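Q: Next up, coords.csv (CSV, C-alpha atoms and all ligand atoms).
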chain,number,residue,atom,x,y,z
A,1283,MET,CA,0.0,0.0,0.0
A,1284,THR,CA,1.0,3.6,-0.1
A,1285,GLU,CA,-0.1,6.9,1.1
A,1286,GLY,CA,-2.3,8.8,-1.3
A,1287,SER,CA,-2.4,8.1,-5.0
A,1288,LEU,CA,1.1,9.2,-5.7
A,1289,VAL,CA,3.6,7.8,-8.0
A,1290,ASN,CA,7.0,8.8,-6.8
A,1291,ASP,CA,8.7,9.6,-3.6
A,1292,ARG,CA,9.2,13.3,-4.3
A,1293,SER,CA,5.5,14.0,-4.8
A,1294,ARG,CA,4.7,11.7,-1.9
A,1295,SER,CA,6.8,13.7,0.5
A,1296,THR,CA,5.5,17.0,-0.8
A,1297,MET,CA,1.9,15.8,-0.4
A,1298,THR,CA,2.6,14.3,3.0
A,1299,SER,CA,4.1,17.6,4.1
A,1300,SER,CA,1.2,19.7,2.9
A,1301,ARG,CA,-1.3,17.4,4.5
A,1302,PHE,CA,0.8,17.5,7.6
A,1303,HIS,CA,0.6,21.3,7.8
A,1304,LEU,CA,-3.2,21.2,7.2
A,1305,SER,CA,-3.7,18.7,10.1
A,1306,LEU,CA,-1.4,20.8,12.3
A,1307,SER,CA,-3.4,23.9,11.6
A,1308,VAL,CA,-6.6,22.0,12.5
A,1309,ALA,CA,-5.0,20.9,15.7
A,1310,VAL,CA,-4.0,24.4,16.5
A,1311,LEU,CA,-7.6,25.6,15.9
A,1312,VAL,CA,-9.2,22.8,17.9
A,1313,PHE,CA,-6.9,22.5,20.8
A,1314,GLY,CA,-5.4,25.9,20.9
A,1315,LEU,CA,-1.9,24.5,20.8
A,1316,VAL,CA,1.0,26.8,20.1
A,1317,ALA,CA,3.2,25.7,17.3
A,1318,CYS,CA,6.6,26.4,18.7
A,1319,GLY,CA,9.2,24.2,17.1
A,1320,GLU,CA,8.5,20.5,16.5
A,1321,GLU,CA,5.3,19.6,14.7
A,1322,LYS,CA,3.3,16.8,16.3
A,1323,LYS,CA,0.6,14.5,14.7
A,1324,PRO,CA,-2.3,13.6,17.0
A,1325,LEU,CA,-1.6,10.1,18.3
A,1326,PRO,CA,-4.0,7.5,19.8
A,1327,PRO,CA,-3.4,6.2,23.3
A,1328,LYS,CA,-0.5,3.8,23.8
A,1329,VAL,CA,-1.3,0.1,24.3
A,1330,GLU,CA,-0.4,0.3,28.0
A,1331,GLU,CA,-2.9,3.1,28.6
A,1332,VAL,CA,-5.8,0.9,27.6
A,1333,GLU,CA,-4.4,-2.5,28.6
A,1334,LYS,CA,-6.3,-2.9,31.8
A,1335,GLU,CA,-9.6,-2.4,30.1
A,1336,TRP,CA,-8.8,-5.1,27.6
A,1337,LYS,CA,-10.3,-8.5,27.6
A,1338,SER,CA,-8.9,-10.2,24.6
A,1339,THR,CA,-10.8,-12.7,22.5
A,1340,VAL,CA,-8.0,-13.8,20.2
A,1341,ASP,CA,-4.6,-15.4,21.0
A,1342,GLY,CA,-2.0,-12.9,19.8
A,1343,GLU,CA,0.9,-15.3,20.7
A,1344,ARG,CA,-0.6,-18.0,18.5
A,1345,ALA,CA,-1.1,-15.5,15.7
A,1346,MET,CA,2.5,-14.4,16.1
A,1347,GLN,CA,3.6,-18.0,15.6
A,1348,THR,CA,2.0,-18.0,12.1
A,1349,VAL,CA,3.7,-14.6,11.4
A,1350,ILE,CA,7.1,-16.1,12.3
A,1351,ARG,CA,6.5,-19.1,10.0
A,1352,LEU,CA,5.5,-16.7,7.1
A,1353,CYS,CA,8.7,-14.6,7.6
A,1354,LYS,CA,11.2,-17.4,6.9
A,1355,GLU,CA,11.7,-16.1,3.4
A,1356,PRO,CA,10.3,-13.5,1.0
A,1357,ARG,CA,6.9,-14.1,-0.6
A,1358,VAL,CA,7.3,-12.4,-4.0
A,1359,PRO,CA,4.8,-13.6,-6.6
A,1360,GLY,CA,6.5,-15.8,-9.2
A,1361,THR,CA,9.1,-17.2,-6.7
A,1362,PRO,CA,9.3,-20.6,-4.9
A,1363,GLY,CA,8.9,-18.8,-1.6
A,1364,HIS,CA,5.6,-17.4,-2.7
A,1365,VAL,CA,4.3,-21.0,-3.5
A,1366,ARG,CA,5.5,-22.2,-0.1
A,1367,ALA,CA,3.7,-19.3,1.6
A,1368,GLN,CA,0.5,-20.4,-0.1
A,1369,GLN,CA,1.0,-24.0,1.2
A,1370,LEU,CA,1.7,-22.7,4.7
A,1371,ILE,CA,-1.4,-20.5,4.8
A,1372,LYS,CA,-3.6,-23.4,3.6
A,1373,ALA,CA,-2.1,-25.7,6.2
A,1374,GLU,CA,-2.6,-23.1,9.0
A,1375,LEU,CA,-6.2,-22.5,7.9
A,1376,ALA,CA,-7.0,-26.2,8.0
A,1377,ALA,CA,-5.4,-26.6,11.4
A,1378,ALA,CA,-7.5,-23.6,12.6
A,1379,GLY,CA,-10.6,-25.5,11.7
A,1380,VAL,CA,-11.5,-23.8,8.4
A,1381,THR,CA,-12.9,-26.6,6.2
A,1382,GLN,CA,-13.4,-24.9,2.9
A,1383,ILE,CA,-10.2,-23.5,1.5
A,1384,ASP,CA,-10.3,-22.3,-2.2
A,1385,ASP,CA,-7.6,-21.3,-4.6
A,1386,GLN,CA,-8.3,-18.5,-7.0
A,1387,PRO,CA,-5.4,-18.7,-9.4
A,1388,PHE,CA,-4.8,-16.3,-12.3
A,1389,GLU,CA,-2.0,-15.0,-14.4
A,1390,THR,CA,-1.5,-11.5,-15.6
A,1391,LYS,CA,1.0,-9.1,-17.0
A,1392,THR,CA,3.3,-7.1,-14.7
A,1393,PRO,CA,6.3,-4.9,-15.2
A,1394,ILE,CA,8.5,-8.1,-14.9
A,1395,GLY,CA,6.4,-10.1,-17.4
A,1396,MET,CA,3.6,-12.6,-16.9
A,1397,VAL,CA,3.2,-13.7,-13.3
A,1398,LYS,CA,1.1,-16.4,-11.7
A,1399,PHE,CA,-1.0,-15.2,-8.7
A,1400,ASN,CA,-3.3,-17.0,-6.4
A,1401,ASN,CA,-5.8,-15.6,-3.9
A,1402,ILE,CA,-6.6,-18.0,-1.1
A,1403,ILE,CA,-10.1,-17.9,0.3
A,1404,GLY,CA,-11.1,-19.6,3.5
A,1405,VAL,CA,-14.9,-19.9,3.8
A,1406,ILE,CA,-16.8,-20.3,7.1
A,1407,PRO,CA,-20.4,-20.9,6.0
A,1408,GLY,CA,-23.4,-19.2,7.5
A,1409,LYS,CA,-27.1,-19.6,6.8
A,1410,THR,CA,-26.8,-17.3,3.8
A,1411,LYS,CA,-23.9,-17.1,1.3
A,1412,ASP,CA,-24.0,-13.4,1.6
A,1413,GLY,CA,-21.1,-12.5,3.7
A,1414,ILE,CA,-18.4,-10.3,5.2
A,1415,ALA,CA,-14.8,-10.6,4.0
A,1416,ILE,CA,-11.8,-10.1,6.2
A,1417,GLY,CA,-8.7,-9.7,4.0
A,1418,ALA,CA,-4.9,-9.4,4.3
A,1419,HIS,CA,-2.3,-9.5,1.6
A,1420,TYR,CA,0.3,-12.3,1.8
A,1421,ASP,CA,2.7,-11.3,-0.9
A,1422,SER,CA,5.8,-9.4,0.1
A,1423,LYS,CA,7.3,-6.5,-1.9
A,1424,ARG,CA,10.1,-7.4,-4.3
A,1425,PHE,CA,13.5,-6.0,-3.5
A,1426,THR,CA,16.6,-7.1,-5.4
A,1427,ASP,CA,19.2,-5.8,-3.0
A,1428,PHE,CA,18.1,-7.5,0.2
A,1429,PRO,CA,15.7,-10.2,1.3
A,1430,PHE,CA,12.5,-8.4,2.4
A,1431,VAL,CA,10.3,-10.5,4.6
A,1432,GLY,CA,7.5,-7.9,5.2
A,1433,ALA,CA,7.0,-8.9,8.8
A,1434,ASN,CA,4.5,-6.1,9.4
A,1435,ASP,CA,3.7,-5.6,5.7
A,1436,ALA,CA,1.7,-7.9,5.8
A,1437,ALA,CA,2.7,-11.2,7.4
A,1438,SER,CA,1.3,-9.6,10.6
A,1439,ALA,CA,-2.1,-9.3,9.1
A,1440,CYS,CA,-2.0,-12.9,7.7
A,1441,GLY,CA,-1.1,-14.4,11.1
A,1442,LEU,CA,-3.9,-12.5,12.7
A,1443,LEU,CA,-6.3,-13.5,9.9
A,1444,VAL,CA,-5.6,-17.2,10.6
A,1445,GLU,CA,-6.2,-16.6,14.3
A,1446,ILE,CA,-9.5,-14.7,13.6
A,1447,GLY,CA,-10.5,-17.6,11.4
A,1448,ARG,CA,-9.9,-20.1,14.2
A,1449,GLN,CA,-12.2,-18.1,16.5
A,1450,LEU,CA,-14.9,-17.7,13.9
A,1451,ALA,CA,-14.8,-21.3,12.7
A,1452,ALA,CA,-15.4,-22.5,16.3
A,1453,LYS,CA,-18.9,-21.0,16.1
A,1454,THR,CA,-21.2,-22.2,13.3
A,1455,ASP,CA,-24.7,-20.7,13.9
A,1456,ARG,CA,-23.9,-17.4,12.1
A,1457,LYS,CA,-26.3,-16.0,9.6
A,1458,GLU,CA,-23.6,-14.5,7.4
A,1459,THR,CA,-20.8,-16.4,5.7
A,1460,ILE,CA,-17.3,-15.3,6.5
A,1461,TYR,CA,-14.8,-15.1,3.7
A,1462,LEU,CA,-11.2,-15.0,4.8
A,1463,ILE,CA,-9.3,-13.7,1.8
A,1464,PHE,CA,-5.5,-14.0,1.7
A,1465,ILE,CA,-4.9,-11.5,-1.1
A,1466,ASP,CA,-2.1,-11.9,-3.6
A,1467,GLY,CA,-0.1,-9.2,-5.4
A,1468,GLU,CA,-0.9,-6.2,-3.4
A,1469,GLU,CA,2.6,-4.8,-3.8
A,1470,ALA,CA,3.9,-3.0,-6.9
A,1471,PHE,CA,6.7,-4.7,-8.8
A,1472,ASN,CA,8.1,-1.3,-9.7
A,1473,GLU,CA,9.7,0.6,-6.8
A,1474,ASP,CA,6.9,3.1,-6.6
A,1475,TRP,CA,3.1,2.6,-6.5
A,1476,GLY,CA,1.8,3.4,-10.0
A,1477,SER,CA,1.1,2.1,-13.4
A,1478,GLN,CA,2.7,-0.1,-16.0
A,1479,GLU,CA,3.8,1.3,-19.3
A,1480,ASP,CA,0.4,0.4,-20.9
A,1481,GLY,CA,-1.4,2.3,-18.2
A,1482,THR,CA,-2.7,-0.7,-16.2
A,1483,GLU,CA,-2.1,-0.5,-12.5
A,1484,ASP,CA,1.0,-2.1,-11.0
A,1485,HIS,CA,-0.5,-3.1,-7.6
A,1486,THR,CA,-3.6,-4.6,-6.0
A,1487,TYR,CA,-3.5,-7.5,-8.6
A,1488,GLY,CA,-5.3,-10.0,-6.3
A,1489,SER,CA,-8.0,-7.6,-4.9
A,1490,ARG,CA,-8.8,-6.4,-8.4
A,1491,HIS,CA,-9.1,-10.0,-9.7
A,1492,PHE,CA,-11.3,-10.9,-6.7
A,1493,VAL,CA,-13.9,-8.2,-7.2
A,1494,LYS,CA,-14.2,-9.1,-10.9
A,1495,ASN,CA,-14.9,-12.7,-10.0
A,1496,MET,CA,-17.3,-12.6,-7.0
A,1497,GLU,CA,-20.0,-15.0,-8.3
A,1498,LYS,CA,-19.0,-17.6,-5.7
A,1499,TYR,CA,-18.3,-15.1,-3.0
A,1500,PRO,CA,-21.1,-12.6,-2.5
A,1501,VAL,CA,-19.2,-10.2,-0.3
A,1502,LYS,CA,-21.3,-7.4,1.2
A,1503,ALA,CA,-18.5,-5.6,3.1
A,1504,LEU,CA,-14.7,-5.9,3.5
A,1505,VAL,CA,-12.6,-5.5,6.6
A,1506,LEU,CA,-9.0,-5.2,5.4
A,1507,LEU,CA,-6.1,-5.8,7.8
A,1508,ASP,CA,-2.6,-4.4,6.9
A,1509,MET,CA,0.5,-3.6,9.0
A,1510,VAL,CA,-1.3,-4.5,12.3
A,1511,GLY,CA,1.6,-5.9,14.3
A,1512,ASP,CA,3.8,-2.9,15.2
A,1513,LYS,CA,4.7,-2.8,18.9
A,1514,ASP,CA,3.7,0.9,18.8
A,1515,LEU,CA,0.3,0.3,17.4
A,1516,GLN,CA,-1.4,3.4,16.0
A,1517,LEU,CA,-4.3,2.6,13.6
A,1518,VAL,CA,-5.1,5.5,11.3
A,1519,ARG,CA,-8.5,6.9,10.4
A,1520,GLU,CA,-8.2,5.8,6.8
A,1521,THR,CA,-10.1,8.4,4.7
A,1522,ASN,CA,-11.1,6.3,1.7
A,1523,SER,CA,-12.8,3.8,4.1
A,1524,THR,CA,-16.6,3.7,4.3
A,1525,PRO,CA,-17.5,6.3,7.0
A,1526,GLU,CA,-20.1,4.0,8.6
A,1527,LEU,CA,-17.6,1.2,9.0
A,1528,LEU,CA,-15.0,3.5,10.5
A,1529,ALA,CA,-17.7,4.9,12.9
A,1530,MET,CA,-18.6,1.3,13.9
A,1531,PHE,CA,-15.0,0.3,14.6
A,1532,GLU,CA,-14.4,3.5,16.5
A,1533,ALA,CA,-17.5,3.1,18.6
A,1534,THR,CA,-16.6,-0.6,19.4
A,1535,SER,CA,-13.1,0.5,20.3
A,1536,LYS,CA,-14.5,2.9,22.9
A,1537,GLU,CA,-16.7,0.2,24.3
A,1538,ILE,CA,-14.0,-2.4,24.7
A,1539,TYR,CA,-10.9,-0.2,25.4
A,1540,GLY,CA,-12.6,2.8,27.0
A,1541,LYS,CA,-11.4,5.1,24.2
A,1542,SER,CA,-10.8,5.1,20.4
A,1543,ILE,CA,-7.6,3.5,19.4
A,1544,PHE,CA,-7.7,5.3,16.1
A,1545,GLY,CA,-5.3,8.2,15.5
A,1546,ALA,CA,-4.5,10.6,12.6
A,1547,ARG,CA,-6.6,10.7,9.4
A,1548,MET,CA,-4.6,9.4,6.4
A,1549,ASP,CA,-5.4,8.6,2.8
A,1550,VAL,CA,-4.0,5.1,2.2
A,1551,GLN,CA,-4.1,3.3,-1.2
A,1552,ASP,CA,-4.6,-0.4,-0.4
A,1553,ASP,CA,-6.6,-3.5,-1.3
A,1554,HIS,CA,-9.8,-2.0,-0.1
A,1555,ILE,CA,-9.8,0.5,-3.1
A,1556,PRO,CA,-11.0,-2.1,-5.7
A,1557,PHE,CA,-13.8,-3.1,-3.4
A,1558,LEU,CA,-14.9,0.5,-2.9
A,1559,ARG,CA,-14.8,1.0,-6.7
A,1560,ALA,CA,-17.1,-2.0,-7.0
A,1561,GLU,CA,-19.4,-0.2,-4.4
A,1562,ILE,CA,-18.7,-2.7,-1.7
A,1563,PRO,CA,-18.3,-1.0,1.7
A,1564,ALA,CA,-14.8,-1.4,3.0
A,1565,ILE,CA,-12.5,-0.3,5.8
A,1566,ASP,CA,-8.7,-0.5,5.9
A,1567,LEU,CA,-7.4,-1.2,9.5
A,1568,ILE,CA,-3.9,-0.1,9.1
A,1569,ASP,CA,-1.1,1.3,11.2
A,1570,PHE,CA,0.9,3.4,8.7
A,1571,HIS,CA,3.3,4.8,11.3
A,1572,PHE,CA,6.1,2.3,11.3
A,1573,GLY,CA,9.4,3.3,12.8
A,1574,PRO,CA,10.7,6.2,14.9
A,1575,ASP,CA,10.2,8.8,12.1
A,1576,GLY,CA,6.8,7.5,11.0
A,1577,LYS,CA,7.9,5.5,7.9
A,1578,THR,CA,11.5,4.5,8.5
A,1579,HIS,CA,10.7,0.8,8.7
A,1580,TRP,CA,8.1,0.7,5.9
A,1581,HIS,CA,9.5,-1.1,2.7
A,1582,THR,CA,13.0,-1.3,4.2
A,1583,LYS,CA,15.1,-4.1,5.6
A,1584,GLU,CA,13.9,-3.0,9.0
A,1585,ASP,CA,10.5,-4.5,8.6
A,1586,THR,CA,11.4,-7.6,10.7
A,1587,LEU,CA,9.8,-9.7,13.4
A,1588,ASP,CA,11.6,-7.8,16.3
A,1589,LYS,CA,9.4,-4.7,15.5
A,1590,LEU,CA,6.2,-6.6,16.2
A,1591,SER,CA,4.2,-7.5,19.3
A,1592,PRO,CA,1.6,-10.2,19.9
A,1593,LYS,CA,-0.2,-7.6,22.0
A,1594,SER,CA,-0.9,-5.5,18.9
A,1595,LEU,CA,-2.3,-8.5,17.0
A,1596,ASP,CA,-4.4,-9.3,20.1
A,1597,ARG,CA,-5.7,-5.8,20.2
A,1598,VAL,CA,-6.7,-5.5,16.6
A,1599,GLY,CA,-8.1,-9.1,16.5
A,1600,THR,CA,-10.2,-8.4,19.6
A,1601,LEU,CA,-11.6,-5.2,17.9
A,1602,VAL,CA,-12.4,-7.0,14.7
A,1603,LEU,CA,-14.3,-9.9,16.5
A,1604,ALA,CA,-16.2,-7.4,18.6
A,1605,THR,CA,-17.2,-5.2,15.6
A,1606,LEU,CA,-18.0,-8.0,13.1
A,1607,PRO,CA,-21.6,-8.8,14.4
A,1608,LYS,CA,-22.5,-5.1,13.9
A,1609,VAL,CA,-21.0,-5.1,10.4
A,1610,ALA,CA,-22.9,-8.2,9.5
A,1611,ALA,CA,-26.2,-6.8,11.0
A,1612,LYS,CA,-25.8,-3.7,8.8
A,1613,TYR,CA,-24.7,-5.2,5.5
A,1614,VAL,CA,-26.1,-8.8,5.4
A,1615,LYS,CA,-29.8,-8.8,5.1
B,1,ZN,ZN,3.9,-2.8,1.3
Once more with this new file: its structure as structure tokens, please.
A:
Amino acid sequence: MTEGSLVNDRSRSTMTSSRFHLSLSVAVLVFGLVACGEEKKPLPPKVEEVEKEWKSTVDGERAMQTVIRLCKEPRVPGTPGHVRAQQLIKAELAAAGVTQIDDQPFETKTPIGMVKFNNIIGVIPGKTKDGIAIGAHYDSKRFTDFPFVGANDAASACGLLVEIGRQLAAKTDRKETIYLIFIDGEEAFNEDWGSQEDGTEDHTYGSRHFVKNMEKYPVKALVLLDMVGDKDLQLVRETNSTPELLAMFEATSKEIYGKSIFGARMDVQDDHIPFLRAEIPAIDLIDFHFGPDGKTHWHTKEDTLDKLSPKSLDRVGTLVLATLPKVAAKYVK
């Protein structure tokens, strides 16, 4: 994913900086702060501040074990490590009690030639096929100068998705079907998020393929997880996300943690965008502040397991499970 719909680092930093100044002036207006020296983004409370309120419903440690297994090697589409990641995800889903696990293979043109992709969909049947999707991308970004394992981006979300699946599969009397989508090809092959020479997009390959082929999977809303494992968890209020969904998650966050765990507003381009374009309500639960300066670990060799915490997985997973019934009640009739 990337911030905004920007195609190169220079415009990205310019945009970030102008948005930054805008949000700062809003903060000054609202809170009457005096801007003397360092600019500060509004931050959500730290994990420790809400921890005592927190009754978890997922096992963050067990989710982390899946994350660790996914981070043994890069998961770049078209490589053997990518195929092994698929096998691992399917084995983990089966062990978690998910009985229907579908492959959705496809091949398409990318800046490095034709590449084979495969979305993996775990289905937890309800009384109706209409359902809620929970998604995470399992591919890792291609880097040629170092092995990038994408621990937070997005092995963290895949480990949590398996654990969420385990909790949901243990209960079978749900009206809605749950679709656990392990999305392929989110990352751009080119260094920057943008288009191929022929104008087609060089990113979100799997999510775009999924929304074009939904006959078997009548998804009524998407909850997307991405970069959810950072020790210093700060979910953003993602501005493309469906406002009703964001409001539901924020309200639930206040119920279970005593306060909202969402921080600054941010425009993030991610796998929820193809769903939104297809008029499917969607939310991106993402922490796009990764590293001491905000982005220093994102898409660098620093995106490794030591930056993650099972507590963050626990916290996001608990929020998802608590909000899911409300999402289903609104969107699955
Ligand atoms: Zn990425």
Q: Return as a count of residues only the residues of protein, DNA or RNA that approach ligand ZN 1 (chain B) to within 8 Å, with all atoms listed in the file taken into account.
A: 11
Q: Could you tell me which of A:Thr1578, A:Ser1594, A:Thr1410, A:Thr1586 comes closest to Asn1434 (chain A) if we count all atoms listed in the file?
A: A:Thr1586
Q: For the interface of region 1358-1412 of chain A with region 1449-1461 of chain A (cut-off 6 Å, counting only C-alpha atoms), please tabulate each contacting residue of region 1358-1412 of chain A alongside its nearest pair of atoms and their separation in Å to one decimal, rows sorted by chain and increasing number, as a Markdown table.
A:
| residue | atom | partner | partner_atom | distance |
| --- | --- | --- | --- | --- |
| A:Val1380 | CA | A:Ala1451 | CA | 6.0 |
| A:Gly1404 | CA | A:Tyr1461 | CA | 5.8 |
| A:Val1405 | CA | A:Tyr1461 | CA | 4.8 |
| A:Ile1406 | CA | A:Ile1460 | CA | 5.1 |
| A:Pro1407 | CA | A:Thr1459 | CA | 4.5 |
| A:Gly1408 | CA | A:Thr1459 | CA | 4.2 |
| A:Lys1409 | CA | A:Lys1457 | CA | 4.6 |
| A:Thr1410 | CA | A:Glu1458 | CA | 5.6 |
| A:Lys1411 | CA | A:Thr1459 | CA | 5.4 |
| A:Asp1412 | CA | A:Glu1458 | CA | 5.9 |
Q: May I have a table of the residues of region 1373-1485 of chain A lying at most 12 Å from region 1504-1514 of chain A, giving each one's closest pair of atoms and their distance in Å to one decimal, counting only C-alpha atoms, ordered by chain and ascending residue number, as a Markdown table?
A:
| residue | atom | partner | partner_atom | distance |
| --- | --- | --- | --- | --- |
| A:Gly1413 | CA | A:Leu1504 | CA | 9.2 |
| A:Ile1414 | CA | A:Leu1504 | CA | 6.0 |
| A:Ala1415 | CA | A:Leu1504 | CA | 4.7 |
| A:Ile1416 | CA | A:Val1505 | CA | 4.7 |
| A:Gly1417 | CA | A:Leu1506 | CA | 4.7 |
| A:Ala1418 | CA | A:Leu1507 | CA | 5.2 |
| A:His1419 | CA | A:Asp1508 | CA | 7.4 |
| A:Tyr1420 | CA | A:Asp1508 | CA | 9.8 |
| A:Asp1421 | CA | A:Asp1508 | CA | 11.7 |
| A:Ser1422 | CA | A:Met1509 | CA | 11.9 |
| A:Gly1432 | CA | A:Met1509 | CA | 9.1 |
| A:Ala1433 | CA | A:Gly1511 | CA | 8.3 |
| A:Asn1434 | CA | A:Met1509 | CA | 4.7 |
| A:Asp1435 | CA | A:Met1509 | CA | 5.0 |
| A:Ala1436 | CA | A:Met1509 | CA | 5.5 |
| A:Ala1437 | CA | A:Met1509 | CA | 8.1 |
| A:Ser1438 | CA | A:Gly1511 | CA | 5.2 |
| A:Ala1439 | CA | A:Asp1508 | CA | 5.4 |
| A:Cys1440 | CA | A:Leu1507 | CA | 8.2 |
| A:Gly1441 | CA | A:Gly1511 | CA | 9.5 |
| A:Leu1442 | CA | A:Val1510 | CA | 8.4 |
| A:Leu1443 | CA | A:Leu1507 | CA | 8.0 |
| A:Val1444 | CA | A:Leu1507 | CA | 11.7 |
| A:Ile1446 | CA | A:Leu1507 | CA | 11.2 |
| A:Ile1460 | CA | A:Leu1504 | CA | 10.2 |
| A:Tyr1461 | CA | A:Leu1504 | CA | 9.2 |
| A:Leu1462 | CA | A:Val1505 | CA | 9.8 |
| A:Ile1463 | CA | A:Leu1506 | CA | 9.2 |
| A:Phe1464 | CA | A:Leu1506 | CA | 10.2 |
| A:Ile1465 | CA | A:Leu1506 | CA | 9.9 |
| A:Glu1468 | CA | A:Asp1508 | CA | 10.6 |
| A:Glu1469 | CA | A:Asp1508 | CA | 11.9 |
Q: Work out how far apart CA of Arg1424 (chain A) and CA of Val1358 (chain A) are and give it in Å to one decimal.
A: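 Computed distance, CA of Arg1424 (chain A) to CA of Val1358 (chain A), equals 5.7 Å.
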Q: Using only C-alpha atoms, which residue out of A:Arg1597, A:Pro1356, A:Leu1515, A:Tyr1539 lies closest to Gly1573 (chain A)?
A: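 Checking each candidate against Gly1573 (chain A), we get A:Leu1515 as the closest.
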Q: I'd like to know which of A:Ile1562, A:Lys1391, A:Ser1338, A:Lys1372 is closest to Leu1352 (chain A), using only C-alpha atoms.
A: A:Lys1372
Q: Set the distance at 12 Å and use all atoms listed in the file: which residues neighbour Ala1373 (chain A) once local chain neighbours fewer than 3 positions away are removed? I'd like the list as a PDB file with C-alpha atoms, keeping the file's coordinate frame.
A:
ATOM      1  CA  THR A1348       2.000 -18.000  12.100  1.00  0.00           C
ATOM      2  CA  ARG A1351       6.500 -19.100  10.000  1.00  0.00           C
ATOM      3  CA  LEU A1352       5.500 -16.700   7.100  1.00  0.00           C
ATOM      4  CA  ARG A1366       5.500 -22.200  -0.100  1.00  0.00           C
ATOM      5  CA  ALA A1367       3.700 -19.300   1.600  1.00  0.00           C
ATOM      6  CA  GLN A1368       0.500 -20.400  -0.100  1.00  0.00           C
ATOM      7  CA  GLN A1369       1.000 -24.000   1.200  1.00  0.00           C
ATOM      8  CA  LEU A1370       1.700 -22.700   4.700  1.00  0.00           C
ATOM      9  CA  ALA A1376      -7.000 -26.200   8.000  1.00  0.00           C
ATOM     10  CA  ALA A1377      -5.400 -26.600  11.400  1.00  0.00           C
ATOM     11  CA  ALA A1378      -7.500 -23.600  12.600  1.00  0.00           C
ATOM     12  CA  GLY A1379     -10.600 -25.500  11.700  1.00  0.00           C
ATOM     13  CA  VAL A1380     -11.500 -23.800   8.400  1.00  0.00           C
ATOM     14  CA  THR A1381     -12.900 -26.600   6.200  1.00  0.00           C
ATOM     15  CA  GLN A1382     -13.400 -24.900   2.900  1.00  0.00           C
ATOM     16  CA  ILE A1383     -10.200 -23.500   1.500  1.00  0.00           C
ATOM     17  CA  ILE A1402      -6.600 -18.000  -1.100  1.00  0.00           C
ATOM     18  CA  GLY A1404     -11.100 -19.600   3.500  1.00  0.00           C
ATOM     19  CA  VAL A1444      -5.600 -17.200  10.600  1.00  0.00           C
TER      20      VAL A1444
END
Q: From the options A:Leu1587, A:Ala1604, A:Leu1595, A:Ala1503, which residue's atoms come nearest to Val1431 (chain A), counting only C-alpha atoms?
A: A:Leu1587
Q: In Å, with one decimal, what is the gap from CA of Leu1601 (chain A) to CA of Glu1584 (chain A)?
A: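 We find that CA of Leu1601 (chain A) and CA of Glu1584 (chain A) lie 27.1 Å from each other.
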